file my_file.txt (compact mmCIF, C-alpha atoms)
# COMPACT_ATOMS: atom_id res chain seq x y z
CA MET A 153 79.50 86.45 227.07
CA LYS A 154 77.90 83.11 228.05
CA LEU A 155 76.30 84.76 231.08
CA LEU A 156 74.73 87.45 228.88
CA GLN A 157 73.47 84.83 226.42
CA SER A 158 71.97 82.82 229.28
CA SER A 159 70.28 85.96 230.62
CA LEU A 160 68.79 86.62 227.20
CA LEU A 161 67.38 83.09 226.95
CA LEU A 162 65.98 83.21 230.49
CA CYS A 163 64.31 86.54 229.82
CA LEU A 164 62.70 85.29 226.62
CA SER A 165 61.50 82.11 228.33
CA ALA A 166 60.03 84.07 231.25
CA SER A 167 58.20 86.45 228.95
CA ALA A 168 55.73 83.98 227.51
CA THR A 169 52.83 86.28 228.30
CA MET A 170 54.50 89.18 226.49
CA SER A 171 54.92 89.69 222.77
CA TYR A 172 58.28 88.56 221.37
CA GLY A 173 59.11 92.14 220.42
CA GLN A 174 58.32 93.45 223.91
CA ALA A 175 60.61 90.85 225.46
CA LEU A 176 63.47 91.86 223.19
CA ASP A 177 62.97 95.55 223.83
CA GLY A 178 62.84 95.03 227.59
CA GLU A 179 65.90 92.77 227.57
CA ALA A 180 68.03 95.28 225.64
CA LEU A 181 67.20 98.00 228.16
CA ARG A 182 67.74 95.64 231.11
CA LEU A 183 71.18 94.61 229.84
CA LEU A 184 72.18 98.23 229.41
CA GLN A 185 70.94 99.33 232.83
CA ALA A 186 72.61 96.37 234.55
CA SER A 187 75.90 97.27 232.87
CA LEU A 188 75.68 100.89 233.99
CA LYS A 189 74.99 99.89 237.61
CA ASP A 190 77.81 97.34 237.83
CA SER A 191 80.76 99.37 239.13
CA THR A 192 83.04 96.32 238.96
CA LEU A 193 83.01 96.25 235.17
CA ASP A 194 85.94 97.98 233.49
CA ALA A 195 85.38 100.58 230.78
CA GLN A 196 85.85 98.15 227.90
CA ALA A 197 83.37 95.65 229.34
CA GLN A 198 80.79 98.38 229.97
CA LEU A 199 81.13 99.64 226.40
CA THR A 200 80.80 96.13 224.99
CA ASN A 201 77.64 95.51 227.00
CA THR A 202 76.33 98.88 225.84
CA LYS A 203 76.98 98.04 222.18
CA ARG A 204 75.41 94.60 222.64
CA ALA A 205 72.25 96.12 224.07
CA LEU A 206 72.14 98.58 221.15
CA ALA A 207 72.52 95.82 218.56
CA LEU A 208 69.75 93.79 220.17
CA ASP A 209 67.46 96.83 220.44
CA LEU A 210 67.94 97.94 216.83
CA SER A 211 67.47 94.41 215.49
CA HIS A 212 64.10 94.39 217.22
CA GLN A 213 63.17 97.78 215.74
CA TYR A 214 64.31 96.96 212.21
CA ALA A 215 60.83 97.39 210.70
CA GLN A 216 60.88 101.03 211.81
CA LEU A 217 64.61 101.46 211.20
CA ALA A 218 64.77 100.07 207.65
CA PRO A 219 63.21 103.08 205.83
CA ILE A 220 65.64 105.42 207.63
CA LEU A 221 68.67 103.32 206.74
CA GLN A 222 67.52 103.03 203.14
CA THR A 223 67.42 106.81 202.94
CA GLU A 224 70.78 107.42 204.63
CA ILE A 225 72.96 104.46 203.52
CA ASN A 226 74.36 104.45 199.98
CA GLN A 227 77.57 103.74 198.04
CA TYR A 228 79.08 107.03 199.21
CA GLN A 229 78.05 106.74 202.87
CA LEU A 230 77.94 103.40 204.64
CA ALA A 231 77.36 104.79 208.15
CA VAL A 232 74.65 106.84 209.80
CA ASN A 233 74.74 108.66 213.13
CA ALA A 234 72.03 108.08 215.73
CA ASP A 235 70.99 111.76 215.50
CA ASP A 236 69.95 111.22 211.87
CA ILE A 237 68.12 108.04 212.84
CA LEU A 238 66.20 109.59 215.74
CA SER A 239 65.34 112.73 213.77
CA GLN A 240 62.80 110.61 211.87
CA HIS A 241 60.82 110.04 215.11
CA ARG A 242 60.04 106.45 214.25
CA LEU A 243 62.08 104.61 216.87
CA ASN A 244 61.90 104.16 220.61
CA ASP A 245 65.01 106.11 221.65
CA ASN A 246 65.20 104.85 225.24
CA VAL A 247 68.16 102.49 224.74
CA ILE A 248 70.00 104.77 222.30
CA THR A 249 69.79 107.80 224.61
CA LYS A 250 71.03 105.87 227.65
CA ALA A 251 73.75 104.21 225.59
CA ASP A 252 75.08 107.54 224.35
CA ALA A 253 75.25 108.92 227.91
CA SER A 254 77.08 105.76 229.01
CA ILE A 255 79.63 106.04 226.18
CA ARG A 256 80.41 109.68 227.00
CA ARG A 257 80.84 108.93 230.69
CA VAL A 258 83.18 106.00 230.12
CA LYS A 259 85.29 107.95 227.61
CA GLY A 260 85.50 111.10 229.75
CA LEU A 261 83.71 113.26 227.16
CA SER A 262 81.34 116.09 228.00
CA ALA A 263 77.68 115.94 227.06
CA LYS A 264 77.06 117.50 223.67
CA ALA A 265 74.21 117.59 221.19
CA ASP A 266 75.76 115.17 218.71
CA SER A 267 75.30 111.48 219.48
CA LEU A 268 78.30 109.12 219.51
CA VAL A 269 76.15 106.12 218.52
CA GLN A 270 76.57 104.93 214.93
CA VAL A 271 75.13 102.23 212.65
CA ARG A 272 77.50 101.15 209.85
CA LEU A 273 77.12 98.67 207.02
CA ALA A 274 80.13 96.40 207.46
CA ASP A 275 81.24 96.36 203.82
CA GLU A 276 80.20 97.99 200.56
CA THR A 277 79.72 94.58 198.91
CA MET A 278 76.72 94.09 201.22
CA LEU A 279 74.94 97.18 199.92
CA THR A 280 73.23 95.70 196.85
CA PRO A 281 71.93 92.52 198.52
CA TRP A 282 70.54 94.57 201.40
CA GLN A 283 68.94 97.13 199.07
CA GLN A 284 67.35 94.23 197.18
CA GLY A 285 65.64 93.06 200.33
CA GLU A 286 67.99 90.59 201.99
CA SER A 287 67.47 90.61 205.75
CA PRO A 288 70.43 92.02 207.73
CA LEU A 289 72.13 91.07 210.97
CA PHE A 290 73.11 93.53 213.71
CA ALA A 291 76.56 92.95 215.19
CA TYR A 292 78.93 94.72 217.58
CA GLU A 293 82.69 94.62 218.10
CA PRO A 294 83.73 92.43 221.07
CA ASP A 295 86.24 93.60 223.65
CA GLY A 296 89.68 92.20 224.40
CA ASP A 297 92.43 90.89 222.14
CA GLU A 298 91.09 90.05 218.69
CA SER A 299 93.33 86.99 218.52
CA GLN A 300 91.28 85.56 221.39
CA TRP A 301 87.89 86.14 219.77
CA ASP A 302 86.03 82.91 218.97
CA TYR A 303 83.33 84.60 216.88
CA ILE A 304 81.44 87.84 216.27
CA GLU A 305 78.02 87.83 217.90
CA ALA A 306 75.11 89.22 215.85
CA PHE A 307 71.32 89.35 216.06
CA ASP A 308 68.85 88.84 213.22
CA ILE A 309 65.66 90.89 212.95
CA HIS A 310 63.87 88.34 215.16
CA GLY A 311 66.44 88.67 217.93
CA GLN A 312 68.03 85.28 217.31
CA VAL A 313 71.76 85.01 218.02
CA HIS A 314 74.23 84.25 215.19
CA GLN A 315 77.95 83.52 215.53
CA LEU A 316 79.98 85.00 212.65
CA ASP A 317 83.55 84.25 211.60
CA VAL A 318 86.06 86.78 212.95
CA TYR A 319 88.07 87.29 209.74
CA ASN A 320 85.92 86.07 206.84
CA LEU A 321 83.37 88.62 205.70
CA PRO A 322 79.79 87.29 206.17
CA GLN A 323 77.67 86.60 203.10
CA GLN A 324 74.60 88.13 204.74
CA PRO A 325 74.42 91.95 205.11
CA VAL A 326 75.61 93.06 208.56
CA PHE A 327 75.11 96.39 210.29
CA VAL A 328 77.77 97.13 212.92
CA VAL A 329 76.32 98.97 215.90
CA GLY A 330 78.76 100.95 218.00
CA ILE A 331 80.61 104.21 218.44
CA ASP A 332 81.05 106.91 215.80
CA SER A 333 84.83 106.64 216.04
CA LYS A 334 85.49 109.84 214.08
CA LYS A 335 83.41 112.01 216.42
CA ALA A 336 84.68 110.26 219.55
CA PHE A 337 88.26 110.50 218.30
CA VAL A 338 88.11 114.25 217.57
CA ALA A 339 86.38 114.97 220.88
CA GLY A 340 88.93 112.84 222.73
CA LEU A 341 91.92 114.61 221.21
CA GLU A 342 90.39 117.95 222.21
CA VAL A 343 90.21 116.69 225.80
CA MET A 344 93.86 115.55 225.73
CA ARG A 345 95.10 118.81 224.22
CA ALA A 346 93.13 120.82 226.78
CA THR A 347 94.58 118.73 229.62
CA PHE A 348 98.16 119.22 228.40
CA ALA A 349 97.58 122.94 227.83
CA GLU A 350 96.14 123.42 231.32
CA ALA A 351 99.16 121.73 232.88
CA GLN A 352 101.60 123.86 230.90
CA SER A 353 99.69 127.05 231.63
CA ALA A 354 99.66 126.33 235.36
CA LYS A 355 103.46 126.04 235.38
CA LYS A 356 104.11 129.25 233.48
CA ASP A 357 103.13 131.32 236.57
CA GLY A 358 100.94 133.46 234.38
CA ALA A 359 103.84 134.77 232.31
CA LEU A 360 102.76 136.00 228.88
CA LEU A 361 104.80 137.13 225.92
CA SER A 362 104.60 140.83 225.17
CA ARG A 363 103.37 141.96 221.76
CA ALA A 364 106.93 142.84 220.79
CA GLN A 365 108.18 139.38 221.82
CA THR A 366 105.36 137.70 219.94
CA GLN A 367 106.17 139.70 216.81
CA ALA A 368 109.85 138.84 217.14
CA VAL A 369 109.01 135.13 217.22
CA ALA A 370 106.69 135.52 214.23
CA ASP A 371 109.46 137.23 212.23
CA LYS A 372 111.81 134.26 212.58
CA PRO A 373 111.92 131.19 210.31
CA ILE A 374 110.01 128.23 211.78
CA SER A 375 111.89 124.95 211.93
CA THR A 376 109.69 121.87 211.55
CA THR A 377 109.79 118.22 210.57
CA VAL A 378 107.18 116.79 208.21
CA ILE A 379 105.98 113.31 207.36
CA LYS A 380 106.53 112.82 203.64
CA GLN A 381 105.10 109.32 203.54
CA ILE A 382 103.91 106.69 206.02
CA SER A 383 102.50 103.17 206.00
CA LEU A 384 101.54 100.50 208.52
CA LYS A 385 101.96 96.79 208.04
CA ASP A 386 98.94 94.67 207.20
CA ASP A 387 97.76 93.49 210.61
CA HIS A 388 94.86 91.39 209.29
CA GLU A 389 92.22 93.40 211.10
CA PRO A 390 88.81 91.71 211.55
CA TRP A 391 86.15 92.86 209.12
CA ILE A 392 84.08 94.36 211.94
CA SER A 393 86.76 96.86 213.02
CA GLY A 394 86.41 99.33 210.14
CA ARG A 395 88.87 102.16 209.57
CA ALA A 396 91.65 103.05 211.95
CA GLU A 397 91.89 106.40 213.73
CA ILE A 398 95.62 107.09 214.21
CA TYR A 399 97.24 109.92 216.16
CA GLY A 400 100.75 110.80 217.28
CA ILE A 401 102.06 111.82 220.70
CA VAL A 402 105.27 113.86 220.33
CA THR A 403 107.35 113.89 223.53
CA GLY A 404 110.29 115.99 224.64
CA VAL A 405 111.46 118.62 227.13
CA ASP A 406 110.48 122.27 227.29
CA PRO A 407 113.34 124.57 226.13
CA SER A 408 112.92 127.01 229.02
CA ARG A 409 111.89 124.81 231.98
CA GLU A 410 112.55 121.37 233.43
CA GLU A 411 109.13 120.18 232.28
CA PRO A 412 108.04 117.59 229.71
CA VAL A 413 106.25 118.66 226.53
CA LEU A 414 103.53 116.44 225.05
CA ASP A 415 101.87 117.37 221.76
CA ILE A 416 98.98 115.52 220.11
CA VAL A 417 98.98 115.31 216.31
CA GLU A 418 95.90 114.05 214.49
CA MET A 419 96.52 111.85 211.43
CA PRO A 420 93.06 111.55 209.86
CA TYR A 421 94.30 110.20 206.54
CA LEU A 422 95.88 107.05 207.98
CA ASP A 423 92.83 104.79 207.63
CA TYR A 424 94.15 101.42 206.52
CA ALA A 425 97.18 99.16 206.95
CA ASP A 426 99.25 98.01 203.98
CA THR A 427 98.62 101.37 202.27
CA THR A 428 101.16 104.17 201.71
CA TYR A 429 100.08 107.76 202.39
CA TYR A 430 101.87 110.98 201.34
CA PRO A 431 100.55 113.66 203.72
CA ASN A 432 103.43 116.18 203.82
CA GLN A 433 102.16 116.84 207.34
CA ILE A 434 104.03 118.93 209.91
CA ILE A 435 104.58 116.64 212.86
CA ILE A 436 107.10 118.58 215.04
CA HIS A 437 107.56 122.31 215.74
CA TRP A 438 111.15 122.43 216.97
CA GLU A 439 110.91 125.67 218.95
CA ARG A 440 108.92 123.65 221.49
CA TYR A 441 111.69 121.13 222.23
CA ARG A 442 115.05 121.35 223.97
CA TRP A 443 118.17 119.80 222.45
CA ALA A 444 116.46 119.74 219.02
CA ALA A 445 115.27 116.20 219.75
CA ALA A 446 111.90 114.51 220.26
CA ASP A 447 110.21 111.09 220.22
CA MET A 448 106.90 110.17 218.62
CA ILE A 449 104.43 107.48 219.72
CA LEU A 450 101.81 106.29 217.22
CA MET A 451 98.47 105.33 218.74
CA GLU A 452 95.11 104.17 217.46
CA HIS A 453 91.77 105.31 218.86
CA ASP A 454 90.24 102.69 221.13
CA ASP A 455 86.58 102.53 222.13
CA GLY A 456 87.47 102.05 225.79
CA THR A 457 89.83 105.02 226.15
CA ASN A 458 88.94 107.64 228.74
CA TYR A 459 90.86 110.54 227.23
CA LYS A 460 90.91 112.71 230.34
CA VAL A 461 92.38 109.89 232.43
CA LEU A 462 94.84 108.95 229.68
CA ALA A 463 96.16 112.50 229.27
CA THR A 464 96.56 112.92 233.03
CA LYS A 465 98.46 109.62 233.38
CA LEU A 466 100.77 110.45 230.48
CA LEU A 467 101.64 113.82 231.99
CA GLU A 468 102.24 112.35 235.44
CA ALA A 469 104.52 109.64 234.04
CA ALA A 470 106.56 112.13 232.00
CA GLU A 471 106.92 114.49 234.96
CA GLN A 472 108.01 111.72 237.33
CA ILE A 473 110.69 110.51 234.94
CA LEU A 474 112.08 114.02 234.47
CA LYS A 475 112.07 114.76 238.21
CA SER A 476 113.94 111.53 238.93
CA ILE A 477 116.94 112.75 236.88
CA PRO A 478 119.17 115.03 238.99
CA ASP A 479 120.89 116.83 236.11
CA PRO A 480 118.89 116.66 232.83
CA GLU A 481 121.43 118.82 231.01
CA ALA A 482 124.15 116.26 231.66
CA GLN A 483 122.18 113.59 229.81
CA GLY A 484 120.80 115.89 227.16
CA TYR A 485 118.45 114.39 224.60
CA ALA A 486 119.40 110.88 225.78
CA LEU A 487 116.80 111.27 228.53
CA ILE A 488 113.91 111.78 226.09
CA PRO A 489 113.54 108.04 225.39
CA GLN A 490 113.33 107.56 229.16
CA ILE A 491 110.35 109.92 229.21
CA THR A 492 108.76 108.07 226.31
CA ASN A 493 109.28 104.70 227.98
CA GLY A 494 107.76 106.10 231.15
CA ILE A 495 104.69 107.14 229.15
CA LEU A 496 104.44 103.69 227.57
CA SER A 497 104.72 102.06 230.99
CA VAL A 498 101.48 103.63 232.26
CA MET A 499 99.42 102.45 229.32
CA PRO A 500 97.24 99.40 230.07
CA ASP A 501 98.83 96.02 229.29
CA ALA A 502 95.89 95.19 227.02
CA TRP A 503 96.92 98.02 224.70
CA PHE A 504 100.00 96.04 223.64
CA THR A 505 98.19 92.78 222.81
CA ASN A 506 97.15 93.85 219.30
CA ASP A 507 97.34 96.82 216.95
CA ASP A 508 94.12 98.48 218.13
CA ASP A 509 95.86 100.82 220.59
CA PHE A 510 99.66 101.10 220.66
CA VAL A 511 100.92 101.10 217.06
CA ASP A 512 104.64 101.98 217.14
CA VAL A 513 107.22 104.40 218.51
CA TYR A 514 110.05 106.48 217.01
CA TYR A 515 112.92 107.35 219.34
CA THR A 516 115.26 110.36 219.05
CA LEU A 517 114.13 112.28 215.99
CA LEU A 518 116.55 115.18 215.50
CA GLU A 519 115.95 118.63 214.07
CA GLY A 520 117.19 119.18 210.53
CA VAL A 521 117.76 115.48 209.84
CA GLU A 522 116.07 113.59 207.02
CA TYR A 523 114.93 110.02 207.74
CA PRO A 524 113.90 108.15 204.56
CA ASN A 525 111.90 104.92 205.06
CA LEU A 526 112.55 104.75 208.80
CA ASN A 527 111.09 101.72 210.60
CA GLY A 528 109.52 102.25 214.00
CA ALA A 529 110.92 100.38 216.98
CA ASN A 530 108.16 97.76 216.70
CA GLY A 531 108.59 97.40 212.94
CA ASN A 532 104.90 98.12 212.37
CA ALA A 533 105.28 101.62 210.88
CA MET A 534 107.54 102.87 208.09
CA THR A 535 107.81 106.64 207.80
CA SER A 536 109.86 109.12 205.81
CA PHE A 537 110.60 112.29 207.81
CA ALA A 538 112.11 115.44 206.30
CA PRO A 539 113.09 118.87 207.70
CA LEU A 540 111.08 121.89 206.58
CA VAL A 541 111.90 125.51 207.42
CA ILE A 542 108.98 127.89 206.97
CA GLN A 543 110.13 131.42 206.15
CA PRO A 544 108.29 134.43 207.60
CA ARG A 545 106.29 136.70 205.33
CA PRO A 546 108.46 139.37 203.67
call {"tool": "encode", "arguments": {"input": "my_file.txt", "output": "structure tokens"}}
result
Amino acid sequence: MKLLQSSLLLCLSASATMSYGQALDGEALRLLQASLKDSTLDAQAQLTNTKRALALDLSHQYAQLAPILQTEINQYQLAVNADDILSQHRLNDNVITKADASIRRVKGLSAKADSLVQVRLADETMLTPWQQGESPLFAYEPDGDESQWDYIEAFDIHGQVHQLDVYNLPQQPVFVVGIDSKKAFVAGLEVMRATFAEAQSAKKDGALLSRAQTQAVADKPISTTVIKQISLKDDHEPWISGRAEIYGIVTGVDPSREEPVLDIVEMPYLDYADTTYYPNQIIIHWERYRWAAADMILMEHDDGTNYKVLATKLLEAAEQILKSIPDPEAQGYALIPQITNGILSVMPDAWFTNDDDFVDVYYTLLEGVEYPNLNGANGNAMTSFAPLVIQPRP
């Protein structure tokens, strides 16, 4: 961080013959390009440098950006996607375009029309002061463990650096520049599901159910487990982090083969800690799991996650654990926690330093069993599970 700040000051000092705005614009692009070329930077560091360059660039272009934000930001919508910003054709899109390509590459997402860059007003209480003309700051979320953050860096509309408190909401309006977590999250889960499906398909040797077999399955009752209610403990998230994006990874063993089964379950309602939700959501389809037993890992979307790499590592870990057991049937469902622990072991150590990535884990959920107010192994989640049998159409 200090190196980047020093680079910014040096650039501004060396640009005495340029306009102040030109120096800022050039520095934002230089920071971004340097980050993309530095192969030694990890994904999280590259994304942080990308977001920093975006915040600096948009603070410089605030005169052109303000009318767009005033049109798009209101009490019902505090965030605006870069596509909506650039559709007005008022901004220099050089930094935004390169930043979006960088984000997709780091996260293992294919190029699509929709941008993943987002500008979000940090809190609804800032809306009125900003609409009444108070000058905003442009901030970005730092990388690493939030407990180690000294401050939140932000730029004013003149490009000057401000250091904001990590936990106390700023008095001045702040726009958070970063990733549209909802779009990135949905796209990432699609990548993970596709990776799991490809692996399972490759091991089926092309075998397909006949129409009669498919109909026979459809005519049977479907045994499931649902989440009746769920809550996470208040983890005192920094104001800059915004809403959570939680998903579940259900783990078990295929009923017909010695292969692990991994299912991804989106939980779009689970936005905030210290809040109880009542989704009645199906979380497990039991026909997919041997021994009528499964585990569930709760995860939160992280900006630095490469979903293709993550899905591949999870599959490899689960397969290695299962192959290392000479007689799975002898252990039965007792081996499922071993698979889950193997999956957890390949996740980066940084994911366990705060609640931004690994949230909690439930071991050995059994078919047909009700679990009221069940604490996760980490004590961060409390969930009520209940069996649900769905009858076929008469």
call {"tool": "residues_around", "arguments": {"input": "my_file.txt", "residues": "Leu206 (chain A)", "least_positions_apart": "4", "cutoff": "7 Å", "atoms": "all atoms listed in the file", "output": "ChimeraX atom specification"}}
result
/A:180,202,210,247-248,329
call {"tool": "closest_residue", "arguments": {"input": "my_file.txt", "among": "A:Gln323, A:Ser497, A:Asn458, A:Gln283", "to": "Gln227 (chain A)", "atoms": "only C-alpha atoms"}}
result
A:Gln283
call {"tool": "residues_around", "arguments": {"input": "my_file.txt", "residues": "region 416-419 of chain A", "least_positions_apart": "5", "cutoff": "6 Å", "atoms": "all atoms listed in the file", "output": "PyMOL selection string"}}
result
chain A and resi 398-401
call {"tool": "atom_distance", "arguments": {"input": "my_file.txt", "atom1": "CA of Pro288 (chain A)", "atom2": "CA of Pro390 (chain A)"}}
result
18.8 Å
call {"tool": "residues_around", "arguments": {"input": "my_file.txt", "residues": "Thr516 (chain A)", "least_positions_apart": "6", "cutoff": "8 Å", "atoms": "all atoms listed in the file", "output": "PyMOL selection string"}}
result
chain A and resi 445-447+485-486+488-489
call {"tool": "write_last_selection", "arguments": {"input": "my_file.txt", "atoms": "C-alpha atoms", "output": "CSV table (one decimal), in the frame of the given file"}}
result
chain,number,residue,atom,x,y,z
A,445,ALA,CA,115.3,116.2,219.8
A,446,ALA,CA,111.9,114.5,220.3
A,447,ASP,CA,110.2,111.1,220.2
A,485,TYR,CA,118.4,114.4,224.6
A,486,ALA,CA,119.4,110.9,225.8
A,488,ILE,CA,113.9,111.8,226.1
A,489,PRO,CA,113.5,108.0,225.4
call {"tool": "closest_residue", "arguments": {"input": "my_file.txt", "among": "A:Glu519, A:Asp252, A:Glu411, A:Asp275", "to": "Ile436 (chain A)", "atoms": "all atoms listed in the file"}}
result
A:Glu519
call {"tool": "residues_around", "arguments": {"input": "my_file.txt", "residues": "Ala470 (chain A)", "least_positions_apart": "4", "cutoff": "9 Å", "atoms": "all atoms listed in the file", "output": "ChimeraX atom specification"}}
result
/A:403,411-414,465-466,474-475,490-495
call {"tool": "decode", "arguments": {"input": "my_file.txt", "residues": "region 456-537 of chain A", "atoms": "C-alpha atoms", "output": "PDB file, in the first residue's frame"}}
result
ATOM      1  CA  GLY A 456     -10.406 -13.158  -5.219  1.00  0.00           C
ATOM      2  CA  THR A 457     -11.972 -16.552  -5.911  1.00  0.00           C
ATOM      3  CA  ASN A 458     -11.160 -18.195  -9.235  1.00  0.00           C
ATOM      4  CA  TYR A 459     -14.202 -20.455  -9.453  1.00  0.00           C
ATOM      5  CA  LYS A 460     -12.811 -22.815 -12.084  1.00  0.00           C
ATOM      6  CA  VAL A 461      -9.677 -23.453 -10.014  1.00  0.00           C
ATOM      7  CA  LEU A 462     -11.691 -23.782  -6.802  1.00  0.00           C
ATOM      8  CA  ALA A 463     -14.107 -26.340  -8.256  1.00  0.00           C
ATOM      9  CA  THR A 464     -11.254 -28.401  -9.704  1.00  0.00           C
ATOM     10  CA  LYS A 465      -9.354 -28.426  -6.391  1.00  0.00           C
ATOM     11  CA  LEU A 466     -12.443 -29.422  -4.424  1.00  0.00           C
ATOM     12  CA  LEU A 467     -13.124 -32.336  -6.757  1.00  0.00           C
ATOM     13  CA  GLU A 468      -9.515 -33.508  -6.677  1.00  0.00           C
ATOM     14  CA  ALA A 469      -9.421 -33.395  -2.869  1.00  0.00           C
ATOM     15  CA  ALA A 470     -12.686 -35.337  -2.536  1.00  0.00           C
ATOM     16  CA  GLU A 471     -11.551 -37.971  -5.036  1.00  0.00           C
ATOM     17  CA  GLN A 472      -8.175 -38.453  -3.356  1.00  0.00           C
ATOM     18  CA  ILE A 473      -9.765 -38.968   0.054  1.00  0.00           C
ATOM     19  CA  LEU A 474     -12.223 -41.542  -1.306  1.00  0.00           C
ATOM     20  CA  LYS A 475      -9.516 -43.420  -3.225  1.00  0.00           C
ATOM     21  CA  SER A 476      -7.337 -43.612  -0.116  1.00  0.00           C
ATOM     22  CA  ILE A 477     -10.007 -45.680   1.692  1.00  0.00           C
ATOM     23  CA  PRO A 478      -9.719 -49.373   0.731  1.00  0.00           C
ATOM     24  CA  ASP A 479     -13.277 -50.387   1.661  1.00  0.00           C
ATOM     25  CA  PRO A 480     -15.708 -47.412   1.753  1.00  0.00           C
ATOM     26  CA  GLU A 481     -18.657 -49.668   2.549  1.00  0.00           C
ATOM     27  CA  ALA A 482     -16.985 -50.811   5.754  1.00  0.00           C
ATOM     28  CA  GLN A 483     -16.857 -47.240   7.045  1.00  0.00           C
ATOM     29  CA  GLY A 484     -20.186 -46.189   5.602  1.00  0.00           C
ATOM     30  CA  TYR A 485     -21.253 -42.604   6.130  1.00  0.00           C
ATOM     31  CA  ALA A 486     -18.445 -42.132   8.680  1.00  0.00           C
ATOM     32  CA  LEU A 487     -16.113 -41.435   5.754  1.00  0.00           C
ATOM     33  CA  ILE A 488     -18.138 -38.439   4.519  1.00  0.00           C
ATOM     34  CA  PRO A 489     -16.626 -36.063   7.114  1.00  0.00           C
ATOM     35  CA  GLN A 490     -13.214 -37.213   5.891  1.00  0.00           C
ATOM     36  CA  ILE A 491     -14.173 -36.064   2.394  1.00  0.00           C
ATOM     37  CA  THR A 492     -15.404 -32.752   3.759  1.00  0.00           C
ATOM     38  CA  ASN A 493     -12.221 -32.219   5.760  1.00  0.00           C
ATOM     39  CA  GLY A 494     -10.205 -33.016   2.661  1.00  0.00           C
ATOM     40  CA  ILE A 495     -12.132 -30.320   0.789  1.00  0.00           C
ATOM     41  CA  LEU A 496     -11.525 -27.816   3.582  1.00  0.00           C
ATOM     42  CA  SER A 497      -7.820 -28.655   3.591  1.00  0.00           C
ATOM     43  CA  VAL A 498      -7.302 -27.425   0.017  1.00  0.00           C
ATOM     44  CA  MET A 499      -8.894 -24.050   0.640  1.00  0.00           C
ATOM     45  CA  PRO A 500      -6.377 -21.200   1.087  1.00  0.00           C
ATOM     46  CA  ASP A 501      -5.338 -20.491   4.687  1.00  0.00           C
ATOM     47  CA  ALA A 502      -6.470 -16.881   4.269  1.00  0.00           C
ATOM     48  CA  TRP A 503     -10.052 -18.091   3.851  1.00  0.00           C
ATOM     49  CA  PHE A 504     -10.152 -19.083   7.524  1.00  0.00           C
ATOM     50  CA  THR A 505      -8.880 -15.773   8.940  1.00  0.00           C
ATOM     51  CA  ASN A 506     -12.273 -14.043   8.881  1.00  0.00           C
ATOM     52  CA  ASP A 507     -15.873 -14.651   7.846  1.00  0.00           C
ATOM     53  CA  ASP A 508     -15.478 -13.441   4.255  1.00  0.00           C
ATOM     54  CA  ASP A 509     -14.889 -16.928   2.819  1.00  0.00           C
ATOM     55  CA  PHE A 510     -15.366 -20.031   4.968  1.00  0.00           C
ATOM     56  CA  VAL A 511     -18.479 -19.528   7.113  1.00  0.00           C
ATOM     57  CA  ASP A 512     -19.273 -22.866   8.805  1.00  0.00           C
ATOM     58  CA  VAL A 513     -19.721 -26.598   8.245  1.00  0.00           C
ATOM     59  CA  TYR A 514     -22.389 -29.166   9.155  1.00  0.00           C
ATOM     60  CA  TYR A 515     -21.213 -32.766   9.469  1.00  0.00           C
ATOM     61  CA  THR A 516     -23.336 -35.908   8.980  1.00  0.00           C
ATOM     62  CA  LEU A 517     -26.820 -34.704   8.112  1.00  0.00           C
ATOM     63  CA  LEU A 518     -29.056 -37.771   7.822  1.00  0.00           C
ATOM     64  CA  GLU A 519     -32.075 -38.379   5.623  1.00  0.00           C
ATOM     65  CA  GLY A 520     -35.442 -38.153   7.358  1.00  0.00           C
ATOM     66  CA  VAL A 521     -34.045 -36.529  10.508  1.00  0.00           C
ATOM     67  CA  GLU A 522     -35.183 -33.147  11.802  1.00  0.00           C
ATOM     68  CA  TYR A 523     -32.514 -30.851  13.267  1.00  0.00           C
ATOM     69  CA  PRO A 524     -34.024 -27.843  15.091  1.00  0.00           C
ATOM     70  CA  ASN A 525     -31.643 -24.948  15.867  1.00  0.00           C
ATOM     71  CA  LEU A 526     -28.507 -26.901  14.990  1.00  0.00           C
ATOM     72  CA  ASN A 527     -25.210 -25.056  15.471  1.00  0.00           C
ATOM     73  CA  GLY A 528     -22.519 -25.488  12.850  1.00  0.00           C
ATOM     74  CA  ALA A 529     -19.159 -26.900  13.882  1.00  0.00           C
ATOM     75  CA  ASN A 530     -17.681 -23.383  14.059  1.00  0.00           C
ATOM     76  CA  GLY A 531     -20.645 -21.994  15.987  1.00  0.00           C
ATOM     77  CA  ASN A 532     -21.145 -19.255  13.405  1.00  0.00           C
ATOM     78  CA  ALA A 533     -24.339 -20.617  11.811  1.00  0.00           C
ATOM     79  CA  MET A 534     -27.567 -21.822  13.411  1.00  0.00           C
ATOM     80  CA  THR A 535     -29.896 -23.736  11.110  1.00  0.00           C
ATOM     81  CA  SER A 536     -33.122 -25.696  11.440  1.00  0.00           C
ATOM     82  CA  PHE A 537     -33.269 -28.616   8.979  1.00  0.00           C
TER      83      PHE A 537
END
